[in-house]
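**Student:** Have a look at the structure that comes next, please.
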Amino acid sequence: MSTAGKRVLFIDRDGTLIEEPADEQIDSLEKIKLLPNVIPALLKLQSAGFELVVVSNQDGRGTPSFPEENFLKPQNFLRELFGSQGICFAAEFFCPHFSKDNCECRKPKLGLLTDYLKQAIDLSNSYVIGDRETDLQLARNLGVQGIRVATAKNPGETWDEIAVRLSERERIAEVTRKTKETDIKVRVNLDRETPITIHTGLGFFDHMLEQIARHGGFSLELNCSGDLHIDEHHTIEDCALALGQALRAAVGDKKGIGRYGFLLAMDESLAQVAIDLSGRAYFVWEGTFGRDQVGQLPTELVPHFFRSLSDTLGAAVNIKVTGENTHHMIEACFKGVGRALRQAFRIEGTELPSSKGVL
């Protein structure tokens, strides 16, 4: 199981999608009753980029007391009902065994999902939704978060509350990067502007990273302990790599983002910054500095920083800067990149901004 990939909702059926009858079996269409607001909630969650998977225990399915045809009728009805509303379940898994049976597929065991879990799944942003303790245990066994849906018998969250919480969640990512040269921890939140705390041991570089976050409109907490007794190179390069990785993780599936972004003047200096969150790293630099160093930042590492950022962010970054004051020129670049990221990260809708269907 991977920590990167698609976001999945593993959803129980009886008591979660549909009300559970007294006999605990759905063996006729008349017994099917949807939980309140489940369809609009699933539509919202599907639009937010979640893949929907049904995982349910069905005691005695296929036995004389619960023949397969009686199971299939309501199951097909559910599929048709949800499908007619635009809801697509990517997969449906049903354990037919009784609780007394010693099987490996009955929830909360993972046997039903063995093959499905071979796919790349973002476990940190996936959930199990159900009405029983076994569903919450399934979540723990999967290494994802569990949500208990509210029913007449049990407290929990309504489908409206679940949809709002999961679809409008803040875009947050944390990255730890540790090598023989640097030890870096980065946390970003694209939907909050504070806090911004940066410590790299390089004062001017800290100031420039703050400009990216401040003008990018996102929270950035970055701490780096690097081999500054050698020189500044590893600290600056690795901070760029870690920051780009965190931003890429936080932006998620990119649905609804602006994608592009910026032109910025600072006194006599002019920075032209174009960014495309295309998923393809490409860097173009045009500019010459009049000084070799500003503070503790070698100017030759400025384009190298943005190239490294482009690599792990998976973005095309094109920067052109002119001016006379090297301090102003560098600051214009960092501010301009921040402003470009602000536009590119901004949520403007729900569609993926690509004719290819993938970014």
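Ordering of the structure tokens sets the chain letters (A, B, ...); residue numbers start at 1 within each chain; ligands are numbered from 1 in the order shown.
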Identify, on the basis of only C-alpha atoms, every residue whose closest approach to Phe10 of chain A does not exceed 7 Å; exclude the query and any residue fewer than 4 positions from it along the same chain; express the result as a ChimeraX atom specification.

**Tutor:** /A:52-55,127-129

**Student:** Show which residues sit within 10 Å of Glu286 of chain A, as a list in words. Count only C-alpha atoms, and ignore same-chain residues fewer than 4 positions away.

**Tutor:**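 My list of contacting residues is Ala271, Gln272, Pro303, Asn318, Ile319, Lys320, Val321 and Thr322 of chain A.
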
**Student:** Which one of A:Glu161, A:Asp206, A:Glu268, A:Glu69 sits closest to Met329 of chain A if you count only C-alpha atoms?

**Tutor:** A:Glu268

**Student:** Please list as a list in words every residue within 12 Å of segment 114-118 of chain A, counting only C-alpha atoms and excluding residues in the same chain fewer than 5 positions away.

**Tutor:**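 Within the cut-off, the hits are Met1, Ser2, Thr3, Gly5, Lys6, Val8, Phe10, Val53, Val54, Val55, Ala90, Ala91, Glu92, Phe93, Glu104, Cys105, Lys109, Leu123, Leu142 and Gly143 of chain A.
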
**Student:** Do a neighbour search on Glu174 of chain A at 10 Å with only C-alpha atoms, toss out local chain neighbours closer than 4 positions, and write the hits as number ranges by chain.

**Tutor:** A: 185-189, 221-222, 242-243, 245-247, 249-250

**Student:** Nearest to Leu202 of chain A: which of A:Leu297, A:Leu166, A:Ala139, A:Leu35 is it, counting only C-alpha atoms?

**Tutor:**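 Of the candidates, the smallest distance to Leu202 of chain A is held by A:Leu297.
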
**Student:** Just how far from atom CA of His199 of chain A is atom CA of Asp231 of chain A, in Å to one decimal?

**Tutor:** 16.3 Å

**Student:** Residues of segment 77-312 of chain A classed as helix (DSSP H, G or I) by DSSP on the backbone are to be reported as a PyMOL selection string.

**Tutor:** chain A and resi 77-84+111-113+116-118+123-125+133-142+159-167+203-216+233-251+301-312

**Student:** Which is closer to Ile121 of chain A than all the others in A:His233, A:Arg106, A:Arg342, A:Arg7, using only C-alpha atoms?

**Tutor:**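 Of the candidates, the smallest distance to Ile121 of chain A is held by A:Arg7.
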
**Student:** Identify which of the residues A:Val175, A:Val294, A:Cys103, A:Val273 lies closest to Phe306 of chain A, counting only C-alpha atoms when measuring atom-to-atom distances.

**Tutor:** A:Val273

**Student:** Can you list, as a count of residues only, every residue of segment 151-305 of chain A that DSSP puts in strand (DSSP E or B)?

**Tutor:** 51

**Student:** Between A:Gln137, A:Thr158, A:Asn125, A:Gln293, which one has atoms that come closest to Glu170 of chain A, using only C-alpha atoms?

**Tutor:** A:Asn125

**Student:** In Å, rounded to a single decimal, give me how far atom CA of Ile212 of chain A is from atom CA of Glu168 of chain A.

**Tutor:** 24.3 Å

**Student:** Which value, in Å to one decimal, gives the distance between atom CA of Gly314 of chain A and atom CA of Gly201 of chain A?

**Tutor:**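 Going from atom CA of Gly314 of chain A over to atom CA of Gly201 of chain A, I get 26.9 Å.
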
**Student:** Of the candidates A:Glu237, A:Gly216, A:Gly86, A:Trp159, which shows the shortest atom-to-atom distance to Ser47 of chain A, using only C-alpha atoms?

**Tutor:**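 Selected residue with least distance to Ser47 of chain A: A:Gly86.
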